[in-house]
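Printed here is work.txt (compact mmCIF, C-alpha atoms):
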```
# COMPACT_ATOMS: atom_id res chain seq x y z
CA GLY A 1 -22.88 -5.57 -19.40
CA ARG A 2 -21.69 -2.15 -20.55
CA MET A 3 -19.98 -2.02 -23.94
CA LYS A 4 -18.16 0.33 -26.29
CA VAL A 5 -17.82 -0.24 -30.03
CA ILE A 6 -15.11 1.31 -32.23
CA ILE A 7 -15.46 0.86 -35.99
CA ALA A 8 -12.21 0.42 -37.93
CA ASP A 9 -10.57 -1.71 -40.64
CA PRO A 10 -7.70 -3.41 -38.80
CA ASP A 11 -7.17 -6.14 -41.41
CA ASN A 12 -7.13 -3.69 -44.35
CA ASP A 13 -9.65 -5.68 -46.38
CA GLY A 14 -11.62 -2.60 -47.35
CA ARG A 15 -14.52 -3.49 -45.03
CA ASP A 16 -14.91 -2.13 -41.52
CA GLU A 17 -14.90 -4.40 -38.49
CA ALA A 18 -16.23 -3.72 -34.99
CA LEU A 19 -13.83 -3.66 -32.03
CA VAL A 20 -16.08 -4.39 -29.06
CA PHE A 21 -15.05 -3.60 -25.48
CA ALA A 22 -17.13 -5.02 -22.60
CA SER A 23 -16.41 -3.76 -19.10
CA GLY A 24 -18.70 -6.11 -17.18
CA GLY A 25 -19.76 -4.80 -13.78
CA TRP A 26 -21.43 -7.79 -12.19
CA PRO A 27 -21.12 -11.60 -12.38
CA ASP A 28 -23.71 -13.06 -14.74
CA LYS A 29 -23.69 -15.69 -17.47
CA HIS A 30 -24.60 -13.01 -20.03
CA ASN A 31 -21.92 -10.64 -18.79
CA ALA A 32 -18.35 -10.32 -20.08
CA VAL A 33 -15.06 -8.58 -19.39
CA LYS A 34 -13.39 -8.70 -22.78
CA VAL A 35 -12.28 -7.06 -26.00
CA ALA A 36 -13.14 -8.69 -29.33
CA MET A 37 -13.06 -8.08 -33.06
CA ILE A 38 -16.32 -8.80 -34.92
CA ASP A 39 -16.28 -9.16 -38.71
CA TYR A 40 -19.08 -9.38 -41.26
CA ASP A 41 -19.23 -12.30 -43.68
CA PRO A 42 -20.82 -10.95 -46.89
CA ASP A 43 -21.44 -14.48 -48.21
CA SER A 44 -23.51 -15.72 -45.28
CA GLY A 45 -24.63 -12.34 -43.98
CA ASP A 46 -23.49 -13.36 -40.50
CA LEU A 47 -21.37 -11.58 -37.92
CA VAL A 48 -18.22 -13.60 -37.26
CA LEU A 49 -15.96 -13.49 -34.22
CA GLY A 50 -12.45 -12.72 -35.44
CA TRP A 51 -10.73 -12.90 -32.05
CA GLU A 52 -11.30 -12.08 -28.40
CA ARG A 53 -9.29 -11.53 -25.24
CA SER A 54 -11.41 -12.06 -22.16
CA ALA A 55 -10.97 -12.17 -18.41
CA ALA A 56 -11.73 -15.34 -16.49
CA ASP A 57 -13.23 -14.11 -13.21
CA LEU A 58 -16.18 -11.72 -13.46
CA ASP A 59 -16.10 -11.10 -9.71
CA THR A 60 -12.58 -9.66 -9.57
CA ASP A 61 -11.17 -9.15 -13.09
CA ARG A 62 -11.57 -5.79 -14.82
CA ILE A 63 -10.67 -4.12 -18.11
CA ASP A 64 -9.83 -0.48 -18.88
CA PHE A 65 -10.24 1.17 -22.31
CA ASP A 66 -11.47 4.41 -23.87
CA GLY A 67 -12.34 5.93 -27.24
CA ALA A 68 -8.62 6.08 -28.16
CA SER A 69 -7.93 2.38 -27.51
CA VAL A 70 -7.66 1.64 -31.24
CA ALA A 71 -4.59 3.37 -32.67
CA ASP A 72 -1.25 2.78 -34.37
CA VAL A 73 1.09 2.98 -31.37
CA ASP A 74 4.22 1.30 -32.77
CA GLY A 75 4.56 3.18 -36.06
CA ASP A 76 4.14 0.17 -38.35
CA GLY A 77 1.12 1.65 -40.13
CA GLU A 78 -1.22 -1.00 -38.67
CA LEU A 79 -3.78 -0.56 -35.91
CA GLU A 80 -3.33 -1.88 -32.39
CA VAL A 81 -5.81 -2.31 -29.55
CA VAL A 82 -4.53 -0.94 -26.24
CA VAL A 83 -6.29 -2.03 -23.03
CA SER A 84 -5.39 -3.10 -19.53
CA PHE A 85 -6.68 -6.05 -17.51
CA LEU A 86 -6.82 -6.36 -13.73
CA GLU A 87 -6.19 -10.04 -13.06
CA GLY A 88 -4.42 -12.51 -10.80
CA GLN A 89 -3.93 -12.85 -7.05
CA PRO A 90 -3.37 -10.28 -5.79
CA PRO A 91 -5.16 -8.46 -8.63
CA THR A 92 -2.64 -6.49 -10.70
CA TRP A 93 -3.10 -4.19 -13.68
CA ARG A 94 -1.26 -4.92 -16.93
CA VAL A 95 -1.43 -2.96 -20.18
CA GLU A 96 -1.69 -5.17 -23.26
CA ILE A 97 -1.02 -3.94 -26.78
CA LEU A 98 -2.75 -6.28 -29.22
CA ASP A 99 -2.62 -6.60 -32.99
CA ALA A 100 -6.08 -5.27 -33.89
CA ALA A 101 -6.40 -7.69 -36.82
CA THR A 102 -5.41 -10.90 -35.01
CA GLY A 103 -5.58 -10.21 -31.26
CA GLU A 104 -1.98 -11.33 -30.77
CA ILE A 105 -0.07 -9.59 -27.97
CA GLU A 106 2.61 -7.27 -29.38
CA ALA A 107 3.78 -5.64 -26.13
CA THR A 108 2.88 -5.37 -22.45
CA LEU A 109 3.38 -2.93 -19.58
CA PRO A 110 3.18 -5.01 -16.37
CA GLY A 111 1.89 -3.15 -13.33
CA GLU A 112 0.52 -0.25 -15.41
CA ARG A 113 -3.12 0.77 -15.87
CA TYR A 114 -4.24 2.02 -19.27
CA HIS A 115 -5.35 5.65 -19.43
CA THR A 116 -5.42 6.69 -23.11
CA THR A 117 -3.34 6.99 -26.29
CA GLY A 118 -2.32 9.98 -28.37
CA ASP A 119 0.36 11.34 -30.66
CA VAL A 120 2.37 13.65 -28.41
CA ASP A 121 4.98 14.69 -30.98
CA ASP A 122 3.00 14.66 -34.25
CA ASP A 123 5.17 11.91 -35.75
CA GLY A 124 2.14 9.96 -36.98
CA ASP A 125 1.99 7.25 -34.32
CA ALA A 126 0.44 7.40 -30.87
CA GLU A 127 2.04 7.00 -27.48
CA VAL A 128 0.48 5.12 -24.56
CA PHE A 129 -0.58 6.95 -21.39
CA THR A 130 -0.89 5.04 -18.11
CA HIS A 131 -2.29 6.22 -14.80
CA ASP A 132 -3.86 4.97 -11.59
CA GLU A 133 -5.18 6.98 -8.66
CA GLY A 134 -2.34 8.33 -6.52
CA GLU A 135 0.23 7.39 -9.17
CA PRO A 136 2.08 9.54 -11.72
CA LEU A 137 0.78 9.96 -15.25
CA ARG A 138 3.27 8.17 -17.52
CA VAL A 139 3.78 8.30 -21.29
CA TYR A 140 5.39 5.36 -23.14
CA ASP A 141 6.80 4.94 -26.63
CA VAL A 142 6.20 1.55 -28.26
CA ALA A 143 8.56 0.27 -30.97
CA ALA A 144 7.63 -2.08 -33.80
CA ASP A 145 9.57 -4.90 -32.12
CA GLY A 146 7.46 -4.59 -28.96
CA THR A 147 9.98 -2.77 -26.78
CA THR A 148 8.59 0.06 -24.66
CA THR A 149 10.35 3.20 -23.45
CA LEU A 150 9.17 5.48 -20.65
CA ARG A 151 9.15 8.97 -22.16
CA HIS A 152 7.49 11.23 -19.59
CA THR A 153 6.57 10.96 -15.91
CA LEU A 154 4.18 13.66 -14.72
CA GLU A 155 2.36 14.27 -11.45
CA ASP A 156 -0.86 12.54 -10.43
CA ARG A 157 -3.08 14.03 -13.14
CA ARG A 158 -5.58 12.76 -15.67
CA VAL A 159 -5.86 13.55 -19.34
CA LEU A 160 -9.12 15.45 -19.75
CA ARG A 161 -11.45 14.54 -22.59
CA CYS A 162 -12.88 16.56 -25.46
CA VAL A 163 -16.07 15.48 -27.17
CA VAL A 164 -15.22 15.55 -30.87
CA SER A 165 -17.03 14.74 -34.09
CA THR A 166 -15.56 11.73 -35.90
CA GLY A 167 -16.36 9.56 -38.88
CA PRO A 168 -16.35 10.31 -42.63
CA ARG A 169 -18.98 13.04 -42.24
CA ARG A 170 -18.17 13.95 -38.62
CA THR A 171 -21.57 12.78 -37.36
CA SER A 172 -20.33 10.53 -34.54
CA GLN A 173 -19.63 12.05 -31.12
CA THR A 174 -16.67 10.53 -29.25
CA ALA A 175 -14.79 11.53 -26.09
CA LEU A 176 -11.06 11.67 -26.90
CA PRO A 177 -8.03 13.24 -25.18
CA CYS A 178 -8.32 17.02 -25.27
CA ARG A 179 -5.58 18.95 -27.05
CA LEU A 180 -5.33 22.67 -27.75
CA PRO A 181 -3.67 23.86 -30.98
CA ARG A 182 -0.64 26.10 -30.55
CA ALA A 183 1.71 27.88 -32.92
CA GLY A 184 5.17 26.46 -33.47
CA GLY A 185 4.63 22.98 -32.09
CA PRO A 186 2.33 20.01 -31.58
CA PRO A 187 -0.95 20.64 -29.72
CA ALA A 188 -0.90 20.97 -25.94
CA TRP A 189 -2.43 18.24 -23.79
CA VAL A 190 -5.01 19.30 -21.19
CA LEU A 191 -4.51 17.58 -17.83
CA GLY A 192 -6.61 17.81 -14.68
CA GLY A 193 -5.76 17.52 -10.99
CA TYR A 194 -8.34 16.08 -8.61
CA ASP A 195 -9.04 16.25 -4.86
CA GLN A 196 -10.13 13.51 -2.46
CA ASP A 197 -13.76 14.00 -3.52
CA ASP A 198 -12.84 13.33 -7.17
CA GLN A 199 -13.49 16.93 -8.17
CA ILE A 200 -11.24 18.92 -10.49
CA THR A 201 -9.14 21.50 -8.67
CA HIS A 202 -6.95 22.72 -11.53
CA MET A 203 -6.19 22.19 -15.19
CA MET A 204 -2.85 22.49 -16.95
CA ALA A 205 -1.80 22.55 -20.61
CA PHE A 206 1.40 20.62 -21.33
CA GLY A 207 3.60 20.29 -24.37
CA LEU A 208 4.98 16.75 -24.38
CA GLU A 209 7.25 16.74 -27.42
CA GLY A 210 10.98 16.23 -26.86
CA GLU A 211 12.48 14.94 -23.64
CA ALA A 212 10.88 17.39 -21.21
CA ALA A 213 7.24 18.24 -20.48
CA ALA A 214 6.63 21.99 -20.70
CA ALA A 215 3.77 23.66 -18.80
CA LEU A 216 2.08 26.06 -21.23
CA GLY A 217 -0.84 27.32 -19.17
CA ALA A 218 -2.92 26.64 -16.10
CA PHE A 219 -6.38 27.24 -14.68
CA ASP A 220 -6.82 27.02 -10.91
CA VAL A 221 -10.43 26.82 -9.82
CA ALA A 222 -11.57 28.68 -6.69
CA SER A 223 -12.40 26.31 -3.81
CA GLU A 224 -16.08 27.27 -3.99
CA LEU A 225 -16.26 26.19 -7.63
CA ARG A 226 -14.99 22.64 -7.84
CA LEU A 227 -15.72 21.07 -11.20
CA LEU A 228 -17.52 17.74 -11.07
CA THR A 229 -17.14 17.03 -14.77
CA TRP A 230 -15.22 18.50 -17.66
CA HIS A 231 -15.74 17.81 -21.32
CA GLY A 232 -13.99 20.09 -23.78
CA LEU A 233 -15.35 21.17 -27.13
CA PRO A 234 -12.42 22.13 -29.36
CA SER A 235 -13.04 25.00 -31.72
CA SER A 236 -13.21 24.30 -35.44
CA SER A 237 -12.86 27.98 -36.35
CA PRO A 238 -9.61 29.14 -38.01
CA ALA A 239 -10.24 32.56 -36.46
CA GLU A 240 -10.14 31.07 -32.94
CA PRO A 241 -7.85 28.03 -33.18
CA ALA A 242 -7.22 27.85 -29.44
CA MET A 243 -10.75 28.23 -28.10
CA ALA A 244 -12.23 25.42 -26.06
CA VAL A 245 -15.52 25.24 -24.23
CA ALA A 246 -15.55 23.34 -20.96
CA VAL A 247 -18.88 21.86 -19.93
CA SER A 248 -19.12 21.56 -16.16
CA ASN A 249 -22.24 20.98 -14.09
CA GLY A 250 -24.43 22.49 -16.79
CA ALA A 251 -22.21 25.56 -17.29
CA LEU A 252 -20.22 26.63 -20.34
CA VAL A 253 -16.72 27.97 -19.70
CA VAL A 254 -14.75 29.53 -22.56
CA LEU A 255 -10.96 29.02 -22.42
CA ASP A 256 -8.14 30.19 -24.62
CA GLY A 257 -5.03 28.26 -25.60
CA ALA A 258 -3.27 29.09 -22.32
CA LEU A 259 -6.32 27.88 -20.33
CA ASN A 260 -7.31 31.40 -19.35
CA ALA A 261 -11.05 31.28 -18.59
CA LEU A 262 -12.63 34.14 -20.50
CA ASN A 263 -15.84 34.09 -18.47
CA TYR A 264 -14.51 33.59 -14.96
CA GLN A 265 -14.47 36.17 -12.15
CA PRO A 266 -12.72 34.59 -9.13
CA ASP A 267 -12.60 37.80 -7.05
CA LEU A 268 -16.37 38.13 -6.68
CA ASP A 269 -18.21 36.75 -3.66
CA PRO A 270 -19.23 34.14 -4.62
CA PRO A 271 -16.99 33.69 -7.67
CA LEU A 272 -18.65 33.39 -11.07
CA LEU A 273 -17.59 30.68 -13.49
CA GLY A 274 -19.24 30.24 -16.86
CA VAL A 275 -22.89 30.58 -17.75
CA ARG A 276 -25.60 28.05 -17.08
CA ILE A 277 -28.08 26.97 -19.70
CA GLY A 278 -31.59 26.66 -18.38
CA SER A 279 -32.68 23.03 -17.98
CA TYR A 280 -29.34 21.99 -19.41
CA ASP A 281 -28.91 18.23 -19.86
CA PRO A 282 -25.25 17.21 -19.54
CA GLY A 283 -25.98 13.87 -21.13
CA TYR A 284 -25.21 11.67 -18.12
CA GLY A 285 -22.05 10.42 -19.77
CA HIS A 286 -23.55 9.76 -23.20
CA ALA A 287 -21.66 11.68 -25.88
CA PRO A 288 -24.66 12.23 -28.24
CA ALA A 289 -26.30 14.50 -25.66
CA PHE A 290 -23.19 16.64 -25.10
CA PRO A 291 -23.02 20.08 -26.71
CA VAL A 292 -21.21 20.58 -30.00
CA ALA A 293 -19.19 23.57 -31.21
CA GLY A 294 -18.71 24.59 -34.82
CA ASN A 295 -19.02 27.40 -37.33
CA LEU A 296 -22.63 27.14 -38.51
CA ASN A 297 -23.18 30.58 -40.05
CA GLY A 298 -19.95 31.17 -41.97
CA VAL A 299 -19.03 34.19 -39.84
CA PRO A 300 -15.68 33.88 -38.00
CA GLY A 301 -16.24 32.31 -34.58
CA ASP A 302 -18.00 29.18 -33.40
CA GLU A 303 -21.53 28.57 -32.26
CA VAL A 304 -22.22 26.22 -29.34
CA VAL A 305 -25.27 23.95 -29.49
CA ALA A 306 -26.63 22.27 -26.34
CA VAL A 307 -29.66 20.04 -25.74
CA THR A 308 -31.93 20.97 -22.83
CA THR A 309 -34.13 18.67 -20.77
CA ASP A 310 -37.24 20.11 -22.44
CA ARG A 311 -35.88 18.80 -25.79
CA ARG A 312 -34.67 22.09 -27.24
CA ALA A 313 -31.39 22.49 -29.09
CA VAL A 314 -30.24 26.00 -28.19
CA VAL A 315 -27.61 27.65 -30.38
CA LEU A 316 -25.32 30.17 -28.67
CA ASN A 317 -22.82 32.59 -30.13
CA GLY A 318 -19.52 31.36 -28.68
CA ALA A 319 -18.03 34.85 -28.60
CA GLU A 320 -20.93 36.15 -26.47
CA ILE A 321 -21.06 33.48 -23.75
CA GLY A 322 -20.98 35.47 -20.52
CA PHE A 323 -21.75 34.94 -16.86
CA ALA A 324 -25.11 35.75 -15.37
CA GLY A 325 -28.66 34.77 -16.23
CA GLU A 326 -29.85 33.02 -19.35
CA PRO A 327 -27.36 33.16 -22.23
CA ALA A 328 -28.36 34.94 -25.42
CA VAL A 329 -29.81 32.26 -27.69
CA ALA A 330 -29.12 32.95 -31.37
CA TRP A 331 -31.74 30.41 -32.47
CA GLU A 332 -33.18 27.12 -31.34
CA VAL A 333 -34.73 23.90 -32.62
CA THR A 334 -37.54 22.12 -30.77
CA ASN A 335 -38.26 18.40 -30.26
CA VAL A 336 -34.59 17.40 -30.26
CA GLU A 337 -33.03 14.45 -28.44
CA ALA A 338 -29.39 14.87 -29.52
CA VAL A 339 -27.24 16.96 -31.83
CA ALA A 340 -24.18 16.43 -34.02
CA LEU A 341 -22.21 18.32 -36.64
CA ALA A 342 -21.80 17.20 -40.24
CA ALA A 343 -19.64 18.36 -43.13
CA GLY A 344 -21.57 20.35 -45.72
CA PRO A 345 -20.66 21.50 -49.24
CA GLU A 346 -17.63 23.76 -49.82
CA GLY A 347 -16.26 23.27 -46.32
CA SER A 348 -19.43 24.40 -44.53
CA THR A 349 -20.79 22.86 -41.33
CA ARG A 350 -24.32 21.57 -40.81
CA LEU A 351 -26.19 20.92 -37.58
CA VAL A 352 -27.84 17.49 -37.34
CA ALA A 353 -30.80 17.61 -34.97
CA VAL A 354 -32.05 14.14 -34.01
CA GLY A 355 -35.63 13.82 -32.80
CA LYS A 356 -37.61 10.79 -31.67
CA GLU A 357 -39.12 10.26 -35.11
CA ASP A 358 -37.04 12.29 -37.57
CA VAL A 359 -33.65 13.82 -38.28
CA ALA A 360 -33.18 17.39 -39.55
CA VAL A 361 -30.04 18.77 -41.17
CA LEU A 362 -29.81 22.53 -40.60
CA TYR A 363 -27.47 25.46 -40.98
CA GLY A 364 -27.81 29.10 -39.98
CA PRO A 365 -30.95 30.37 -38.22
CA GLU A 366 -33.37 28.59 -40.54
```
Using the file provided, produce a representation of the structure as structure tokens.
Amino acid sequence: GRMKVIIADPDNDGRDEALVFASGGWPDKHNAVKVAMIDYDPDSGDLVLGWERSAADLDTDRIDFDGASVADVDGDGELEVVVSFLEGQPPTWRVEILDAATGEIEATLPGERYHTTGDVDDDGDAEVFTHDEGEPLRVYDVAADGTTTLRHTLEDRRVLRCVVSTGPRRTSQTALPCRLPRAGGPPAWVLGGYDQDDQITHMMAFGLEGEAAAALGAFDVASELRLLTWHGLPSSSPAEPAMAVAVSNGALVVLDGALNALNYQPDLDPPLLGVRIGSYDPGYGHAPAFPVAGNLNGVPGDEVVAVTTDRRAVVLNGAEIGFAGEPAVAWEVTNVEAVALAAGPEGSTRLVAVGKEDVAVLYGPE
């Protein structure tokens, strides 16, 4: 079946373990609907199952998780695993918050479907977001004793995802909840509204600290320009702390911290939104093929790097992304399958270009 692996050290033994999430999809003896912790035994050299929580019926039972499912949500300084299972008759969703080291259940949210986790108030521990189609988006606090408190109830919206670089050298691409930095408070959360065809109709930026949710900006998309997908690329540039790049249907859309689209002309017939990259490959849901954004040349402002279907990594000046025709390509690398960013010396950023047979680490137009 389909799986996701998150590497962490939930038992604090100084060695990483693998938290493995399997979403199933069809009944088969080799299939699974489960979450498990896999450890490595240095004495035997074997992988050892630490714990697992699995569903019983592959025909009807389901699990929900995402790249933020491993987090400290109760403020005890230890990691939890947050998932939801669809089980029982009639099938009902239930969020389970598990001790990531032991698999023991610490808290539950009956009747709720897991959506994501994130620190809404910058207090160091994450809150739990729940959502199901046609239902409100809810945000819960979880205490160390397992009690849960409903903190926010929003309209039927989803938390949109940003593809970010993670890991010690920022070489791993992961889709996580998208937040935009803002002065004087915690980052804003980017939420999306959808129509009956599952296409994005509008985006909103919300501040979720305190007791009330504050709308900080909005982007309403013209009816002719529904967005099928949206993956944000948060800026890493101190000169442009609020810039994000939305990747939709092969187009790049530049947004500021209030979700104003800087390359959008809704009054034209037809409206123009973003710029398309020739032969652009959106990655079909696989994060390594998504574009990356970072400061590669040391000049204020980010560059955006995207992989095309003819295996080119094209590097664009983020400040010059416009509307029509082919975008101005600052430089490009050939024979590339995927790209990532890596930390270089003295705070610099390097581009990692992965080919079929080799890996190149680059910076600037070399």
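The residue that comes closest to A:Gly124, out of A:Pro291, A:Phe85, A:Ala71, A:Cys178 and on the basis of all atoms listed in the file, is A:Ala71.
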Item to check | Two-atom distance - atom CA of A:Ala55, atom CA of A:Val82 (Å) | outcome: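 Atom-to-atom, atom CA of A:Ala55 and atom CA of A:Val82 are spaced 15.1 Å apart.
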Dump as a tab-separated table the rows for residues of stretch 31-76 of chain A within 9 Å of stretch 136-142 of chain A: closest atom pair and distance in Å with one decimal, only C-alpha atoms counted, ordered by chain and rising residue number.
```
residue	atom	partner	partner_atom	distance
A:Val73	CA	A:Val142	CA	6.2
A:Asp74	CA	A:Val142	CA	4.9
A:Gly75	CA	A:Val142	CA	8.1
```
Next on the checklist: Please compute the atom CA of A:Asn295-atom CA of A:Arg179 distance, one decimal, in Å.
Outcome noted: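 Spanning atom CA of A:Asn295 to atom CA of A:Arg179 is a straight-line distance of 18.9 Å.
Between atom CA of A:Gly24 and atom CA of A:Leu79 the interatomic distance comes to 24.6 Å.
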Checklist entry - What's the 10 Å shell around A:His202, counting only C-alpha atoms, without same-chain residues fewer than 4 positions away, as a list in words? => result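 Answer for this query is Arg157, Leu191, Gly192, Gly193, Tyr194, Asp195, Ala218, Phe219, Asp220, Val221, Ala222, Arg226 and Leu227 of chain A.
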Checklist entry - Looking at all atoms listed in the file, which of A:Val83, A:Val253, A:Val70, A:Ala338 is the one that sits closest to A:Asp310? => result A:Ala338
Checklist entry - In file coordinates, which residues lie within 10 Å of (-3.3, 13.4, -26.1) using all atoms listed in the file, given as a VMD selection string? => result chain A and resid 68 116 to 121 126 to 129 139 159 to 161 176 to 180 187 to 191 206 to 208
Item to check | Distance query 9 Å from (0.4, -6.2, -17.9) using only C-alpha atoms, result as JSON, numbers by chain | outcome: {"A": [84, 85, 86, 92, 93, 94, 95, 96, 107, 108, 109, 110, 111, 112, 113]}
Checklist entry - Of the candidates A:Asp57, A:Glu106, A:Glu209, A:Asp9, which one gets nearest to A:Asp76 if we count only C-alpha atoms? => result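 Between A:Asp57, A:Glu106, A:Glu209, A:Asp9, the residue approaching A:Asp76 most closely is A:Glu106.
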Tell me which protein, DNA and RNA residues are within 7 Å of A:Val305, counting all atoms listed in the file, leaving out same-chain ones fewer than 3 positions away, and put them as a short mmCIF file (atom, residue, chain, number, x, y, z; two decimals) with C-alpha atoms, keeping the file's coordinate frame.
```
data_model
loop_
_atom_site.label_atom_id
_atom_site.label_comp_id
_atom_site.auth_asym_id
_atom_site.auth_seq_id
_atom_site.Cartn_x
_atom_site.Cartn_y
_atom_site.Cartn_z
CA PRO A 291 -23.02 20.08 -26.71
CA VAL A 292 -21.21 20.58 -30.00
CA ALA A 293 -19.19 23.57 -31.21
CA ALA A 313 -31.39 22.49 -29.09
CA VAL A 314 -30.24 26.00 -28.19
CA VAL A 315 -27.61 27.65 -30.38
CA LEU A 316 -25.32 30.17 -28.67
#
```
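Nearest-residue note for A:Pro42: choosing from A:Ala353, A:Arg15, A:Gly67, A:Ala175, the minimum distance belongs to A:Arg15, counting only C-alpha atoms.
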